[in-house]
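Asker: start-v4.tsv is reproduced in full below (TSV, C-alpha atoms).
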```tsv
chain	number	residue	atom	x	y	z
A	83	MET	CA	209.81	-191.70	-137.50
A	84	ALA	CA	210.68	-194.51	-139.89
A	85	GLY	CA	211.45	-196.73	-136.92
A	86	THR	CA	208.04	-196.02	-135.44
A	87	ARG	CA	206.36	-196.82	-138.75
A	88	ARG	CA	208.25	-200.09	-138.96
A	89	LYS	CA	207.18	-200.93	-135.41
A	90	LEU	CA	203.54	-200.13	-136.21
A	91	ALA	CA	203.75	-202.24	-139.34
A	92	LEU	CA	205.15	-205.15	-137.35
A	93	ILE	CA	202.40	-204.75	-134.74
A	94	ALA	CA	199.79	-204.64	-137.50
A	95	ILE	CA	201.19	-207.79	-139.12
A	96	ALA	CA	201.27	-209.49	-135.74
A	97	ALA	CA	197.70	-208.40	-135.12
A	98	ILE	CA	196.65	-209.84	-138.48
A	99	PHE	CA	198.27	-213.17	-137.59
A	100	VAL	CA	196.63	-213.18	-134.17
A	101	THR	CA	193.28	-212.38	-135.79
A	102	LEU	CA	193.71	-215.14	-138.35
A	103	LEU	CA	194.62	-217.62	-135.68
A	104	SER	CA	191.78	-216.63	-133.44
A	105	GLN	CA	189.34	-217.07	-136.31
A	106	ASN	CA	189.93	-220.77	-135.94
A	107	THR	CA	187.75	-220.71	-132.87
A	108	LEU	CA	184.79	-219.09	-134.64
A	109	ALA	CA	182.05	-221.28	-136.06
A	110	TYR	CA	182.31	-222.21	-139.72
A	111	TYR	CA	178.56	-221.88	-139.99
A	112	SER	CA	175.37	-222.82	-138.19
A	113	LEU	CA	172.31	-224.73	-139.28
A	114	ILE	CA	168.76	-224.97	-137.95
A	115	GLY	CA	166.35	-227.84	-138.65
A	116	LYS	CA	162.76	-228.21	-137.53
A	117	ALA	CA	161.19	-231.46	-136.40
A	118	THR	CA	157.39	-231.59	-136.22
A	119	ASN	CA	156.68	-234.26	-133.64
A	120	VAL	CA	153.33	-235.95	-133.32
A	121	VAL	CA	151.34	-237.44	-130.45
A	122	THR	CA	148.13	-239.29	-131.28
A	123	SER	CA	145.46	-240.50	-128.88
A	124	GLY	CA	143.74	-243.84	-129.21
A	125	ASP	CA	140.15	-244.94	-128.88
A	126	ILE	CA	138.13	-248.06	-128.23
A	127	GLN	CA	135.65	-249.27	-130.78
A	128	LEU	CA	133.16	-252.11	-130.94
A	129	VAL	CA	130.64	-253.54	-133.35
A	130	ILE	CA	127.42	-255.34	-132.42
A	131	HIS	CA	126.62	-258.31	-134.63
A	132	GLU	CA	123.11	-259.78	-134.78
A	133	TYR	CA	122.39	-263.07	-136.49
A	134	THR	CA	119.39	-265.29	-137.09
A	135	ALA	CA	119.33	-268.93	-136.00
A	136	ASP	CA	120.92	-270.00	-139.30
A	137	GLY	CA	123.81	-267.55	-138.90
A	138	SER	CA	122.71	-264.98	-141.46
A	139	PRO	CA	122.49	-261.29	-140.49
A	140	PHE	CA	119.30	-260.49	-138.63
A	141	PRO	CA	116.94	-258.57	-140.97
A	142	GLU	CA	116.91	-254.85	-140.25
A	143	GLU	CA	113.21	-254.64	-141.04
A	144	GLY	CA	112.48	-257.20	-138.28
A	145	VAL	CA	110.28	-260.27	-138.29
A	146	TYR	CA	106.56	-260.95	-137.87
A	147	ILE	CA	105.73	-262.45	-134.49
A	148	ILE	CA	102.77	-263.81	-132.58
A	149	PRO	CA	102.51	-264.25	-128.81
A	150	GLY	CA	104.52	-267.21	-127.63
A	151	ASP	CA	106.91	-267.14	-130.59
A	152	ILE	CA	110.56	-267.85	-129.98
A	153	VAL	CA	112.73	-266.00	-132.46
A	154	GLY	CA	116.30	-267.06	-133.11
A	155	LYS	CA	118.50	-264.02	-132.62
A	156	THR	CA	122.14	-264.25	-131.64
A	157	VAL	CA	123.94	-261.14	-130.42
A	158	VAL	CA	127.74	-260.99	-130.19
A	159	ILE	CA	130.06	-258.02	-129.83
A	160	GLU	CA	133.42	-257.61	-131.51
A	161	ASN	CA	136.42	-255.55	-130.40
A	162	VAL	CA	137.52	-253.69	-133.53
A	163	CYS	CA	140.30	-251.54	-132.03
A	164	GLY	CA	143.81	-252.10	-130.75
A	165	HIS	CA	142.96	-251.96	-127.06
A	166	PRO	CA	141.29	-254.41	-124.68
A	167	PHE	CA	138.17	-253.28	-122.85
A	168	TYR	CA	135.41	-254.11	-120.39
A	169	LEU	CA	131.97	-254.37	-121.92
A	170	ARG	CA	128.34	-254.06	-120.92
A	171	VAL	CA	125.07	-254.16	-122.83
A	172	ARG	CA	121.52	-253.07	-122.21
A	173	LEU	CA	118.34	-254.42	-123.70
A	174	VAL	CA	115.70	-251.78	-124.30
A	175	ASN	CA	112.14	-252.68	-125.25
A	176	GLY	CA	110.01	-250.34	-127.33
A	177	ILE	CA	106.61	-250.11	-129.01
A	178	ASP	CA	105.03	-247.69	-131.46
A	179	SER	CA	102.11	-246.95	-129.16
A	180	GLN	CA	101.50	-244.47	-126.35
A	181	GLU	CA	98.84	-246.60	-124.69
A	182	LEU	CA	100.58	-249.95	-124.60
A	183	SER	CA	103.58	-250.95	-122.52
A	184	ALA	CA	106.59	-252.73	-123.95
A	185	GLU	CA	107.86	-253.82	-120.55
A	186	GLU	CA	108.53	-257.54	-120.16
A	187	VAL	CA	107.18	-258.36	-123.63
A	188	PHE	CA	110.49	-260.04	-124.50
A	189	ARG	CA	112.34	-262.74	-122.62
A	190	VAL	CA	115.87	-263.66	-123.72
A	191	ASN	CA	117.92	-266.75	-122.85
A	192	LEU	CA	120.83	-264.84	-121.31
A	193	ASN	CA	124.15	-266.63	-121.59
A	194	GLU	CA	124.93	-266.53	-117.87
A	195	SER	CA	128.21	-268.38	-118.20
A	196	ALA	CA	129.75	-265.36	-119.91
A	197	TRP	CA	127.50	-262.47	-118.92
A	198	THR	CA	126.20	-261.13	-115.60
A	199	SER	CA	122.99	-259.16	-115.24
A	200	ARG	CA	123.21	-256.38	-112.64
A	201	GLU	CA	120.68	-254.25	-110.81
A	202	ASP	CA	121.73	-251.16	-112.78
A	203	GLY	CA	119.94	-252.70	-115.75
A	204	CYS	CA	123.16	-253.59	-117.57
A	205	ILE	CA	124.51	-256.99	-118.54
A	206	TYR	CA	128.28	-257.16	-118.06
A	207	TYR	CA	130.69	-259.35	-120.00
A	208	ASN	CA	132.63	-261.31	-117.37
A	209	GLU	CA	136.00	-261.09	-119.15
A	210	ILE	CA	138.15	-258.46	-120.81
A	211	LEU	CA	137.50	-258.42	-124.55
A	212	GLN	CA	140.83	-258.45	-126.37
A	213	PRO	CA	141.52	-256.67	-129.70
A	214	GLY	CA	140.11	-258.55	-132.66
A	215	GLU	CA	138.07	-260.94	-130.53
A	216	SER	CA	134.31	-261.38	-130.22
A	217	THR	CA	132.27	-262.26	-127.15
A	218	PRO	CA	130.26	-265.42	-126.76
A	219	PRO	CA	126.59	-264.69	-127.56
A	220	VAL	CA	124.75	-262.47	-125.11
A	221	PHE	CA	121.68	-264.52	-125.97
A	222	THR	CA	120.54	-266.68	-128.87
A	223	GLN	CA	116.74	-266.61	-128.55
A	224	VAL	CA	114.02	-264.06	-127.90
A	225	GLU	CA	110.65	-265.24	-126.61
A	226	ILE	CA	107.58	-263.08	-127.11
A	227	VAL	CA	105.88	-263.41	-123.73
A	228	GLY	CA	102.33	-264.54	-124.38
A	229	ASP	CA	100.96	-263.30	-121.04
A	230	LYS	CA	102.04	-259.74	-121.84
A	231	VAL	CA	101.13	-259.51	-125.50
A	232	ASP	CA	97.36	-259.65	-125.99
A	233	GLN	CA	94.91	-258.71	-128.78
A	234	ASN	CA	95.69	-255.01	-128.31
A	235	TYR	CA	99.18	-255.55	-129.69
A	236	ILE	CA	97.96	-256.73	-133.08
A	237	GLY	CA	99.51	-254.58	-135.82
A	238	LYS	CA	101.96	-252.88	-133.48
A	239	THR	CA	105.72	-252.84	-133.86
A	240	LEU	CA	107.70	-254.08	-130.89
A	241	THR	CA	111.42	-253.43	-130.77
A	242	LEU	CA	114.24	-254.96	-128.76
A	243	THR	CA	117.28	-252.68	-128.99
A	244	VAL	CA	120.68	-253.89	-127.85
A	245	THR	CA	123.05	-251.14	-126.78
A	246	ALA	CA	126.66	-251.60	-125.72
A	247	GLN	CA	129.27	-249.59	-123.87
A	248	ALA	CA	132.95	-250.25	-123.32
A	249	VAL	CA	135.63	-248.84	-121.08
A	250	GLN	CA	139.36	-249.46	-121.41
A	251	SER	CA	140.89	-252.14	-119.22
A	252	GLU	CA	144.46	-250.90	-119.55
A	253	HIS	CA	145.48	-249.00	-116.37
A	254	ASN	CA	142.01	-249.78	-115.05
A	255	PRO	CA	142.21	-252.86	-112.83
A	256	ALA	CA	138.95	-254.22	-111.43
A	257	GLN	CA	137.97	-257.49	-109.83
A	258	HIS	CA	134.62	-257.36	-111.63
A	259	PRO	CA	133.86	-255.43	-114.79
A	260	TRP	CA	131.11	-253.41	-113.11
A	261	GLU	CA	133.73	-252.15	-110.65
A	262	ALA	CA	135.91	-250.65	-113.40
A	263	ALA	CA	136.34	-246.89	-113.46
A	264	GLY	CA	135.16	-244.70	-116.27
A	265	TRP	CA	131.87	-246.23	-117.39
A	266	PRO	CA	130.23	-243.58	-119.52
A	267	ALA	CA	126.70	-242.32	-118.96
A	268	LEU	CA	124.08	-244.73	-120.20
A	269	ASP	CA	123.15	-242.50	-123.15
A	270	GLY	CA	126.56	-242.82	-124.81
A	271	GLU	CA	126.00	-246.23	-126.30
A	272	VAL	CA	126.58	-248.13	-129.51
A	273	THR	CA	123.27	-249.43	-130.74
A	274	GLY	CA	122.67	-252.67	-132.54
B	155	MET	CA	171.82	-280.43	-148.05
B	156	ARG	CA	169.74	-280.02	-144.90
B	157	ARG	CA	172.89	-279.01	-143.02
B	158	LEU	CA	173.60	-276.39	-145.63
B	159	TYR	CA	170.13	-274.89	-145.24
B	160	SER	CA	170.55	-274.88	-141.45
B	161	LEU	CA	173.87	-273.13	-141.83
B	162	LEU	CA	172.46	-270.51	-144.19
B	163	GLY	CA	169.58	-269.98	-141.77
B	164	ALA	CA	171.99	-269.45	-138.91
B	165	VAL	CA	174.03	-266.95	-140.94
B	166	LEU	CA	170.86	-265.08	-141.90
B	167	ALA	CA	169.80	-264.92	-138.25
B	168	VAL	CA	173.19	-263.49	-137.27
B	169	LEU	CA	173.00	-260.88	-140.04
B	170	LEU	CA	169.51	-259.88	-138.90
B	171	LEU	CA	170.79	-259.50	-135.35
B	172	ILE	CA	173.57	-257.11	-136.34
B	173	THR	CA	171.38	-255.05	-138.68
B	174	PRO	CA	170.66	-251.69	-137.03
B	175	VAL	CA	167.08	-251.08	-135.93
B	176	PHE	CA	165.71	-247.52	-135.92
B	177	ALA	CA	162.97	-247.81	-133.30
B	178	GLN	CA	163.96	-244.52	-131.72
B	179	GLY	CA	163.84	-241.04	-133.14
B	180	GLN	CA	167.09	-239.92	-134.69
B	181	VAL	CA	168.51	-236.54	-135.61
B	182	ILE	CA	171.53	-236.93	-137.84
B	183	TYR	CA	173.73	-234.02	-138.86
B	184	ASP	CA	175.08	-234.86	-142.27
B	185	GLY	CA	177.97	-232.48	-142.76
B	186	ASN	CA	178.37	-233.16	-146.46
B	187	ALA	CA	174.80	-232.28	-147.29
B	188	GLY	CA	174.80	-229.45	-144.79
B	189	SER	CA	171.47	-230.58	-143.43
B	190	PHE	CA	169.68	-232.57	-140.76
B	191	VAL	CA	168.11	-235.93	-141.33
B	192	PHE	CA	165.13	-236.69	-139.09
B	193	GLU	CA	164.19	-240.36	-138.71
B	194	PRO	CA	161.94	-242.24	-138.85
B	195	GLY	CA	159.12	-239.77	-139.52
B	196	SER	CA	155.51	-240.92	-139.62
B	197	ASP	CA	152.35	-240.72	-141.70
B	198	TYR	CA	151.59	-237.46	-139.92
B	199	SER	CA	154.94	-235.72	-140.34
B	200	PRO	CA	158.12	-236.63	-142.25
B	201	THR	CA	160.22	-235.17	-139.43
B	202	ASP	CA	158.37	-236.87	-136.57
B	203	LEU	CA	160.72	-238.06	-133.81
B	204	PHE	CA	158.01	-239.29	-131.42
B	205	THR	CA	158.05	-242.92	-132.47
B	206	GLY	CA	156.59	-244.16	-129.20
B	207	PHE	CA	153.84	-241.64	-128.60
B	208	LYS	CA	151.12	-242.92	-130.90
B	209	ASP	CA	147.67	-244.25	-130.01
B	210	VAL	CA	148.15	-243.20	-126.39
B	211	MET	CA	145.48	-244.08	-123.86
B	212	PRO	CA	144.53	-242.64	-120.46
B	213	GLY	CA	146.98	-243.86	-117.82
B	214	ASP	CA	149.80	-244.53	-120.27
B	215	GLN	CA	153.33	-243.71	-119.09
B	216	LEU	CA	155.51	-243.96	-122.15
B	217	GLU	CA	159.22	-243.59	-122.68
B	218	GLN	CA	161.34	-243.34	-125.78
B	219	THR	CA	164.71	-241.95	-126.78
B	220	VAL	CA	165.90	-239.53	-129.42
B	221	LEU	CA	169.45	-240.00	-130.64
B	222	LEU	CA	171.49	-237.13	-132.02
B	223	ARG	CA	174.48	-238.07	-134.17
B	224	ASN	CA	177.20	-236.16	-135.99
B	225	ASP	CA	177.91	-237.79	-139.34
B	226	ALA	CA	180.18	-235.00	-140.57
B	227	ASP	CA	183.80	-235.78	-141.38
B	228	ASN	CA	186.64	-235.74	-138.88
B	229	GLU	CA	187.67	-232.16	-139.51
B	230	VAL	CA	184.78	-230.55	-137.72
B	231	LYS	CA	182.99	-230.80	-134.42
B	232	ILE	CA	179.50	-229.48	-133.77
B	233	LYS	CA	177.81	-227.82	-130.86
B	234	VAL	CA	174.18	-228.92	-130.66
B	235	TYR	CA	171.29	-226.86	-129.32
B	236	LEU	CA	167.58	-227.54	-128.91
B	237	ARG	CA	164.56	-225.34	-128.45
B	238	SER	CA	160.82	-225.93	-128.52
B	239	LEU	CA	158.35	-223.81	-130.43
B	240	GLY	CA	155.51	-225.40	-128.48
B	241	ALA	CA	152.36	-227.01	-129.81
B	242	GLN	CA	150.82	-225.88	-133.06
B	243	PRO	CA	147.71	-223.75	-132.36
B	244	ASP	CA	145.12	-226.44	-133.09
B	245	SER	CA	146.98	-228.96	-130.92
B	246	VAL	CA	147.21	-226.90	-127.75
B	247	GLU	CA	144.01	-228.14	-126.12
B	248	PHE	CA	144.92	-231.79	-126.56
B	249	LEU	CA	148.64	-231.59	-125.75
B	250	SER	CA	148.00	-229.41	-122.70
B	251	GLN	CA	146.41	-232.48	-121.10
B	252	LEU	CA	149.66	-234.47	-121.34
B	253	ARG	CA	152.92	-234.07	-119.44
B	254	LEU	CA	156.22	-234.37	-121.26
B	255	SER	CA	159.72	-234.54	-119.83
B	256	VAL	CA	163.02	-234.52	-121.67
B	257	GLU	CA	166.23	-235.64	-120.01
B	258	GLU	CA	169.74	-235.84	-121.27
B	259	ALA	CA	171.35	-239.16	-120.27
B	260	GLU	CA	169.11	-239.41	-117.16
B	261	GLU	CA	171.04	-236.62	-115.50
B	262	THR	CA	169.83	-233.27	-116.69
B	263	VAL	CA	166.16	-232.45	-116.95
B	264	LEU	CA	165.84	-230.19	-119.98
B	265	PHE	CA	162.08	-229.98	-120.00
B	266	ASP	CA	159.27	-230.99	-117.66
B	267	ALA	CA	155.90	-229.39	-118.35
B	268	ALA	CA	152.60	-229.75	-120.15
B	269	ALA	CA	153.35	-231.06	-123.62
B	270	ASP	CA	151.96	-227.99	-125.40
B	271	GLN	CA	154.37	-225.63	-123.65
B	272	SER	CA	157.86	-224.58	-124.69
B	273	ALA	CA	158.73	-223.90	-121.00
B	274	GLN	CA	162.41	-224.56	-120.24
B	275	LEU	CA	163.11	-225.04	-123.94
B	276	THR	CA	161.80	-221.65	-125.02
B	277	ASP	CA	165.36	-220.42	-125.56
B	278	TRP	CA	168.15	-222.42	-127.15
B	279	VAL	CA	169.53	-225.02	-124.74
B	280	TYR	CA	173.05	-226.31	-125.33
B	281	LEU	CA	173.03	-230.12	-125.45
B	282	GLY	CA	176.71	-230.85	-126.04
B	283	THR	CA	179.60	-230.99	-128.47
B	284	LEU	CA	179.75	-233.90	-130.87
B	285	TYR	CA	182.81	-234.97	-132.81
B	286	SER	CA	182.50	-237.00	-135.97
B	287	GLY	CA	180.52	-240.14	-135.16
B	288	GLY	CA	179.66	-238.80	-131.73
B	289	GLU	CA	176.21	-239.43	-130.29
B	290	LEU	CA	174.00	-237.92	-127.68
B	291	GLU	CA	170.77	-239.38	-126.32
B	292	LEU	CA	167.66	-237.65	-125.07
B	293	ILE	CA	165.15	-239.57	-122.94
B	294	LEU	CA	161.54	-238.54	-123.43
B	295	ARG	CA	158.68	-239.47	-121.10
B	296	LEU	CA	155.02	-238.84	-121.76
B	297	ASP	CA	152.42	-239.14	-119.01
B	298	VAL	CA	148.79	-239.41	-120.06
B	299	PRO	CA	146.46	-238.77	-117.10
B	300	VAL	CA	144.08	-241.59	-116.35
B	301	THR	CA	141.37	-238.94	-116.14
B	302	LEU	CA	141.81	-237.87	-119.77
B	303	ASP	CA	138.32	-237.15	-121.03
B	304	ASN	CA	136.58	-238.90	-123.91
B	305	GLN	CA	136.67	-235.65	-125.90
B	306	PHE	CA	140.41	-236.18	-126.41
B	307	LYS	CA	140.15	-239.57	-128.10
B	308	ASN	CA	141.30	-240.01	-131.69
B	309	LEU	CA	143.23	-236.73	-131.80
B	310	VAL	CA	146.52	-235.72	-133.37
B	311	GLY	CA	148.80	-233.21	-131.64
B	312	TYR	CA	151.73	-231.47	-133.34
B	313	LEU	CA	154.72	-230.23	-131.35
B	314	ASP	CA	157.55	-228.35	-133.09
B	315	TRP	CA	161.17	-228.59	-132.00
B	316	GLU	CA	164.18	-226.93	-133.57
B	317	PHE	CA	167.71	-228.23	-133.53
B	318	MET	CA	170.68	-225.98	-134.23
B	319	ILE	CA	174.29	-226.87	-134.78
B	320	GLU	CA	177.36	-224.69	-134.90
B	321	GLU	CA	180.22	-226.26	-136.77
B	322	TYR	CA	183.78	-225.71	-135.53
B	323	PRO	CA	187.10	-227.00	-136.79
B	324	VAL	CA	188.72	-229.71	-134.74
B	325	GLU	CA	191.79	-228.33	-132.97
B	326	ASP	CA	194.96	-230.05	-131.90
B	327	THR	CA	193.94	-229.73	-128.28
B	328	ASP	CA	190.67	-231.61	-128.87
B	329	PRO	CA	190.42	-235.23	-127.79
B	330	GLU	CA	190.71	-237.97	-130.38
B	331	PRO	CA	187.44	-238.33	-132.27
B	332	PRO	CA	185.49	-241.34	-131.07
B	333	ASP	CA	184.95	-244.37	-133.24
B	334	THR	CA	182.10	-243.67	-135.65
B	335	GLY	CA	180.97	-247.25	-135.56
B	336	ASP	CA	180.86	-247.39	-139.34
B	337	GLU	CA	183.73	-249.85	-139.52
B	338	SER	CA	182.38	-251.99	-136.70
B	339	GLY	CA	179.32	-252.90	-138.79
B	340	LEU	CA	181.55	-253.72	-141.74
B	341	MET	CA	183.83	-255.74	-139.49
B	342	ALA	CA	180.87	-257.66	-138.11
B	343	TYR	CA	179.69	-258.49	-141.63
B	344	GLY	CA	183.24	-259.43	-142.67
B	345	LEU	CA	183.75	-261.58	-139.61
B	346	THR	CA	180.42	-263.29	-140.16
B	347	PHE	CA	181.35	-263.88	-143.81
B	348	CYS	CA	184.74	-265.41	-142.94
B	349	LEU	CA	183.38	-267.57	-140.11
B	350	SER	CA	180.51	-268.73	-142.29
B	351	GLY	CA	182.96	-269.64	-145.08
B	352	ILE	CA	185.21	-271.60	-142.73
B	353	LEU	CA	182.21	-273.38	-141.22
B	354	LEU	CA	180.87	-274.20	-144.68
B	355	LEU	CA	184.20	-275.67	-145.74
B	356	PHE	CA	184.40	-277.62	-142.52
B	357	LEU	CA	180.92	-279.07	-143.05
B	358	LEU	CA	181.46	-279.93	-146.70
B	359	MET	CA	184.91	-281.55	-146.30
B	360	PRO	CA	183.87	-284.80	-144.55
B	361	ARG	CA	181.04	-285.28	-147.03
B	362	ARG	CA	183.46	-285.12	-149.95
B	363	LYS	CA	185.72	-287.59	-148.21
B	364	GLN	CA	182.81	-290.00	-147.75
B	365	GLU	CA	181.82	-289.63	-151.39
B	366	HIS	CA	185.45	-290.28	-152.35
B	367	ASN	CA	185.54	-293.47	-150.31
B	368	THR	CA	182.36	-294.89	-151.86
```
Starting from the file, give its structure as structure tokens.
Answerer:
Amino acid sequence: MAGTRRKLALIAIAAIFVTLLSQNTLAYYSLIGKATNVVTSGDIQLVIHEYTADGSPFPEEGVYIIPGDIVGKTVVIENVCGHPFYLRVRLVNGIDSQELSAEEVFRVNLNESAWTSREDGCIYYNEILQPGESTPPVFTQVEIVGDKVDQNYIGKTLTLTVTAQAVQSEHNPAQHPWEAAGWPALDGEVTG
Amino acid sequence: MRRLYSLLGAVLAVLLLITPVFAQGQVIYDGNAGSFVFEPGSDYSPTDLFTGFKDVMPGDQLEQTVLLRNDADNEVKIKVYLRSLGAQPDSVEFLSQLRLSVEEAEETVLFDAAADQSAQLTDWVYLGTLYSGGELELILRLDVPVTLDNQFKNLVGYLDWEFMIEEYPVEDTDPEPPDTGDESGLMAYGLTFCLSGILLLFLLMPRRKQEHNT
């Protein structure tokens, strides 16, 4: 009986040693850490600048005109984001009268060396506008067409609104800007 | 004097070249502190590893790496695991538009799905065993569809990942721990210092001799 006990004790001691040794292969401890990763999407942004002939900002309240006047008004557009883009503008005439038409009351001296007028009614900038850069002027003068503005227009307010749209040029190759993909609908414009 | 400035400029340039740059995301297990260090972080999240996925635009195909490193001492090795918890609820719509893939050393694709999903990383995935100083690199690719709509501009998407380590003692049968690289940086600085000193002495010696002669 005593011999059996001794054998059991030896087996137990051996088992303890085996257990201790095998514990070496167990992990000391584990640790979990969380990383919150972030993806952000970009955007393209532009600003329309309007100046008078002397380079000062064009007055928001407008100017008084008479038929045949030529008003100095320079319009340039600046890329104020980190991405290059194609650019187009539209000129929209308006008048505060239901009876009178504002069509063809203004004539601008379009800068055709840098801009191309298309049949869709838009004027496209011929180049890609790089971040931080501004376009050459779209035009520098607005003529009030005498043939179109008669006595009936006295006291009315005529408006010439410049709107602009841009579409990214990265991953969007095009031989001409009007052939670029992704031009937004004509109501999604920046107005100047 | 001009030569001395040129020499100092050259030494500075060399030092700048051997200074480590942390352009990639890094997950460092610091055994002593018993914690992870996530670098570099961003303005959006201090544990942000997606250094290269900012200001993304339609059509972008971006790639970056995330480096995992064991900075614990030589007595332990770690098994590293990764799982994704997916996009945070308010980021799902945006991130579901993007496709993300994660590869380990360009061999094993660990994840390839819409970026909001946890997909193949829903459960813990074993990445490897790292000895002290050991490193492991993950390659991340993000595809932004060229058709991504305007409604997704100027958005921020949050994607949570968890890293887990299990620490084990190094056994006699384990391979020799790899070089941690810590000494190599010191050696490079030391070598640069010695070479610069020798060069400086060499440049100054003839000048002294000339002065002595005159």
Asker: Specify as a ChimeraX atom specification all residues of chain B found within 9 Å of chain A, counting all atoms listed in the file.
Answerer: /B:181,188-192,195-196,198-214,230,232,249,300-301,304,306-323,325
Asker: Mind writing the picked residues with C-alpha atoms as a PDB file, in the coordinates of the input?
Answerer:
```pdb
ATOM      1  CA  VAL B 181     168.510-236.540-135.610  1.00  0.00           C
ATOM      2  CA  GLY B 188     174.800-229.450-144.790  1.00  0.00           C
ATOM      3  CA  SER B 189     171.470-230.580-143.430  1.00  0.00           C
ATOM      4  CA  PHE B 190     169.680-232.570-140.760  1.00  0.00           C
ATOM      5  CA  VAL B 191     168.110-235.930-141.330  1.00  0.00           C
ATOM      6  CA  PHE B 192     165.130-236.690-139.090  1.00  0.00           C
ATOM      7  CA  GLY B 195     159.120-239.770-139.520  1.00  0.00           C
ATOM      8  CA  SER B 196     155.510-240.920-139.620  1.00  0.00           C
ATOM      9  CA  TYR B 198     151.590-237.460-139.920  1.00  0.00           C
ATOM     10  CA  SER B 199     154.940-235.720-140.340  1.00  0.00           C
ATOM     11  CA  PRO B 200     158.120-236.630-142.250  1.00  0.00           C
ATOM     12  CA  THR B 201     160.220-235.170-139.430  1.00  0.00           C
ATOM     13  CA  ASP B 202     158.370-236.870-136.570  1.00  0.00           C
ATOM     14  CA  LEU B 203     160.720-238.060-133.810  1.00  0.00           C
ATOM     15  CA  PHE B 204     158.010-239.290-131.420  1.00  0.00           C
ATOM     16  CA  THR B 205     158.050-242.920-132.470  1.00  0.00           C
ATOM     17  CA  GLY B 206     156.590-244.160-129.200  1.00  0.00           C
ATOM     18  CA  PHE B 207     153.840-241.640-128.600  1.00  0.00           C
ATOM     19  CA  LYS B 208     151.120-242.920-130.900  1.00  0.00           C
ATOM     20  CA  ASP B 209     147.670-244.250-130.010  1.00  0.00           C
ATOM     21  CA  VAL B 210     148.150-243.200-126.390  1.00  0.00           C
ATOM     22  CA  MET B 211     145.480-244.080-123.860  1.00  0.00           C
ATOM     23  CA  PRO B 212     144.530-242.640-120.460  1.00  0.00           C
ATOM     24  CA  GLY B 213     146.980-243.860-117.820  1.00  0.00           C
ATOM     25  CA  ASP B 214     149.800-244.530-120.270  1.00  0.00           C
ATOM     26  CA  VAL B 230     184.780-230.550-137.720  1.00  0.00           C
ATOM     27  CA  ILE B 232     179.500-229.480-133.770  1.00  0.00           C
ATOM     28  CA  LEU B 249     148.640-231.590-125.750  1.00  0.00           C
ATOM     29  CA  VAL B 300     144.080-241.590-116.350  1.00  0.00           C
ATOM     30  CA  THR B 301     141.370-238.940-116.140  1.00  0.00           C
ATOM     31  CA  ASN B 304     136.580-238.900-123.910  1.00  0.00           C
ATOM     32  CA  PHE B 306     140.410-236.180-126.410  1.00  0.00           C
ATOM     33  CA  LYS B 307     140.150-239.570-128.100  1.00  0.00           C
ATOM     34  CA  ASN B 308     141.300-240.010-131.690  1.00  0.00           C
ATOM     35  CA  LEU B 309     143.230-236.730-131.800  1.00  0.00           C
ATOM     36  CA  VAL B 310     146.520-235.720-133.370  1.00  0.00           C
ATOM     37  CA  GLY B 311     148.800-233.210-131.640  1.00  0.00           C
ATOM     38  CA  TYR B 312     151.730-231.470-133.340  1.00  0.00           C
ATOM     39  CA  LEU B 313     154.720-230.230-131.350  1.00  0.00           C
ATOM     40  CA  ASP B 314     157.550-228.350-133.090  1.00  0.00           C
ATOM     41  CA  TRP B 315     161.170-228.590-132.000  1.00  0.00           C
ATOM     42  CA  GLU B 316     164.180-226.930-133.570  1.00  0.00           C
ATOM     43  CA  PHE B 317     167.710-228.230-133.530  1.00  0.00           C
ATOM     44  CA  MET B 318     170.680-225.980-134.230  1.00  0.00           C
ATOM     45  CA  ILE B 319     174.290-226.870-134.780  1.00  0.00           C
ATOM     46  CA  GLU B 320     177.360-224.690-134.900  1.00  0.00           C
ATOM     47  CA  GLU B 321     180.220-226.260-136.770  1.00  0.00           C
ATOM     48  CA  TYR B 322     183.780-225.710-135.530  1.00  0.00           C
ATOM     49  CA  PRO B 323     187.100-227.000-136.790  1.00  0.00           C
ATOM     50  CA  GLU B 325     191.790-228.330-132.970  1.00  0.00           C
TER      51      GLU B 325
END
```
Asker: How far is it from atom CA of B:Tyr235 to atom CA of B:Gly179, in Å with one decimal?
Answerer: 16.5 Å
Asker: Name the residues within 9 Å of (136.0, -248.8, -125.3), counting all atoms listed in the file in the file's coordinates, and put them as a ChimeraX atom specification.
Answerer: /A:125-128,161,163,165-169,247-251
Asker: Name the residues in contact with A:Pro219 at a cut-off of 12 Å, using only C-alpha atoms, excluding same-chain residues fewer than 2 positions from it; report them as an MDAnalysis selection string.
Answerer: chainID A and resid 130:135 154:160 171 190:197 207 216:217 221:223
Asker: For a test of reading the model, state the distance in Å between atom CA of B:Arg223 and atom CA of B:Ile182, rounded to one decimal.
Answerer: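 The value is 4.8 Å.
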Asker: Hey, can you check how far atom CA of B:Asp184 sits from atom CA of B:Lys231?
Answerer: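 Atom-to-atom, atom CA of B:Asp184 and atom CA of B:Lys231 are spaced 11.9 Å apart.
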